[in-house]
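Since the structure comes first, as structure tokens, the remarks are kept for the end.
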Amino acid sequence: MQVETLKLYDHKCPTPASSYHLSETLCSMPHLTYLRLYGGDLREEFYSTWKANASSIKVETLKLDDHKCPTPASSYHLSETLCSMPHLTYLRLYEGDLREEFYSTWKANASSIKVETLKLDDHKCPTPASSHHLSEALCSMPNLTDLRLDGGDLCEEFYSTLKAKASSIKVQTLKLTNHKFRTPSSHHLLEALCSMPNLTNLRLDGGDLREEFYSTLKAKASSIKVQTLNLTNHQCRTPASSHHLSEALCSMPHLTDLTLDGGDLREEFYSTWKANAPSIKVCVS
């Protein structure tokens with residue numbers, strides 16, 4: 001079979017044998033480099049067979065949308081597979097049901113993952129431990145340079161772990177969309193962003209950033225490595241938040257490309273920008 005790109009939508013495997021056969025087939029297709037599995041009903045036999053044959057899979061781009069792991073063992077097998085696929089450089093996990101076993105296994109094997117671009121959309125971490133394991137894994141993936149976290153449910157443990165391990169993360173491009181924060185989480189996230197040594201491109205889209213985020217951003221601005229910053233639908237809840245954001249943007253030493261799209265910027269933002277205009281290095285769009 002010469003197929004290089006395969007997309008299976010709402011696929012049904014009526015029997016365990018069907019799941020086994022499908023998995024064996026995907027592992028044996030010599031030219032398959034792009035695979036998308038959307039929805040459907042994959043049984044445990046699919047994931048266990050995938051794990052057993054992961055080293056032979058040629059796939060470079062994998063998208064799993066609305067994936068279901070019916071048992072803890074399925075989550076474990078899927079995670080082991082992703083860590084063992086030798087050519088996998090682009091991975092997207094959209095929605096689905098990933099259990100704690102997935103995240104703990106990912107953490108344990110993170111150093112062997114080849115993925116360079118990772119997109120987690122509407123991801124669910126069912127327990128604080130899952131959030132901790134996910135954060136540990138992201139900080140330990142040696143090739144991960146492009147990370148997108150879109151929506152989902154990340155507990156405070158994710159952000160506190162990210163802060164603690166930020167200096168080891170390789171990510172250069174980070175996009176956070178529709179992120180939700182409690183007060184300590186905002187502080188932890190900002191501390192992490194200021195400590196990530198390779199982060200040059202940052203996008204914050206929507207979400208709920210509290211005043212603590214902006215005040216910490218102002219205090220830490222001189223240490224931020226970001227060159228390209230995109231703030232979309234940003235909300236400054238108070239006049240102080242607008243002031244802190246404006247001060248921070250004027251103090252980021254490497255910022256050359258700034259996009260402000262939508263959001264709620266108060267008069268304090270603009271008056272502070274005016275006062276600090278001579279120090280601004282950015283090209284604004």
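By convention in this document, the chains of the structure tokens carry letters A, B, ... by their order, each chain's residues are numbered from 1, and ligands are numbered from 1 in the order they are shown.
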Mind running range 190-249 of chain A against range 260-268 of chain A at 6 Å and telling me each contacting residue's nearest atom pair with the distance in Å (one decimal), counting only C-alpha atoms, chain and number ascending, as a Markdown table?
| residue | atom | partner | partner_atom | distance |
| --- | --- | --- | --- | --- |
| A:Leu231 | CA | A:Leu260 | CA | 5.0 |
| A:Thr232 | CA | A:Asp261 | CA | 4.5 |
| A:Asn233 | CA | A:Gly263 | CA | 3.8 |
| A:His234 | CA | A:Gly263 | CA | 4.2 |
| A:Gln235 | CA | A:Asp264 | CA | 5.0 |
| A:Cys236 | CA | A:Asp264 | CA | 5.9 |
| A:Pro239 | CA | A:Glu268 | CA | 5.9 |
| A:Ser242 | CA | A:Glu268 | CA | 5.7 |
| A:His243 | CA | A:Glu268 | CA | 5.2 |
- Which polymer residues have any atom within 7 Å of an atom of range 80-82 of chain A, counting only C-alpha atoms, with same-chain residues fewer than 4 positions away left out, as a PyMOL selection string? chain A and resi 50-51+54+76+105
- Item | Contacts of Pro86 in chain A within 12 Å, only C-alpha atoms, excl. fewer than 3 positions in-chain, as JSON, numbers by chain | {"A": [33, 53, 54, 55, 56, 57, 58, 59, 60, 61, 81, 82, 83, 89, 90, 112, 113, 114, 115]}
- Give me the residues within 10 Å of Ser111 in chain A as a list of chain:residue names, counting only C-alpha atoms and dropping any in the same chain fewer than 3 places off. A:Cys83, A:Trp106, A:Lys107, A:Ala108, A:Lys114, A:Ala137, A:Leu138, A:Cys139, A:Ser140, A:Met141, A:Pro142, A:Asn143
- Message: Rounded to one decimal, what separation in Å do you get between CA of Leu134 in chain A and CA of Leu32 in chain A?
- Response: 28.3 Å
- Shell around Ser74 in chain A at 10 Å using only C-alpha atoms, local window under 2 positions removed, as an MDAnalysis selection string: chainID A and resid 42:48 51 68:72 76:80 98:99 101:102
- Item | Contact residues around Leu217 in chain A with only C-alpha atoms at 7 Å, ignoring same-chain residues under 4 positions, as a ChimeraX atom specification | /A:190,213,221,248
Those residues with C-alpha atoms, as a PDB file, in the first residue's frame please?
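What follows is the written file out-v3.pdb:
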ATOM      1  CA  LEU A 190       4.264  34.304  34.809  1.00  0.00           C
ATOM      2  CA  PHE A 213      -0.184  38.250  36.414  1.00  0.00           C
ATOM      3  CA  ALA A 221       9.907  42.136  32.495  1.00  0.00           C
ATOM      4  CA  ALA A 248       5.984  45.587  31.262  1.00  0.00           C
TER       5      ALA A 248
END
- Message: I need the alpha helix (DSSP H) residues of range 12-199 of chain A per DSSP on the backbone, written as a VMD selection string.
- Response: chain A and resid 16 to 28 44 to 52 72 to 84 100 to 109 128 to 140 156 to 165 183 to 195
- Message: Ranking A:Lys163, A:His21, A:Lys119, A:Arg237 by minimum distance to Asp65 in chain A and counting only C-alpha atoms, which one comes first?
- Response: A:Lys119
- Message: I need the residue nearest Pro184 in chain A from this list: A:Leu88, A:Gly206, A:Ser167, A:Thr216. Use only C-alpha atoms for the distance.
- Response: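 Ranking A:Leu88, A:Gly206, A:Ser167, A:Thr216 by distance to Pro184 in chain A, first place goes to A:Thr216.
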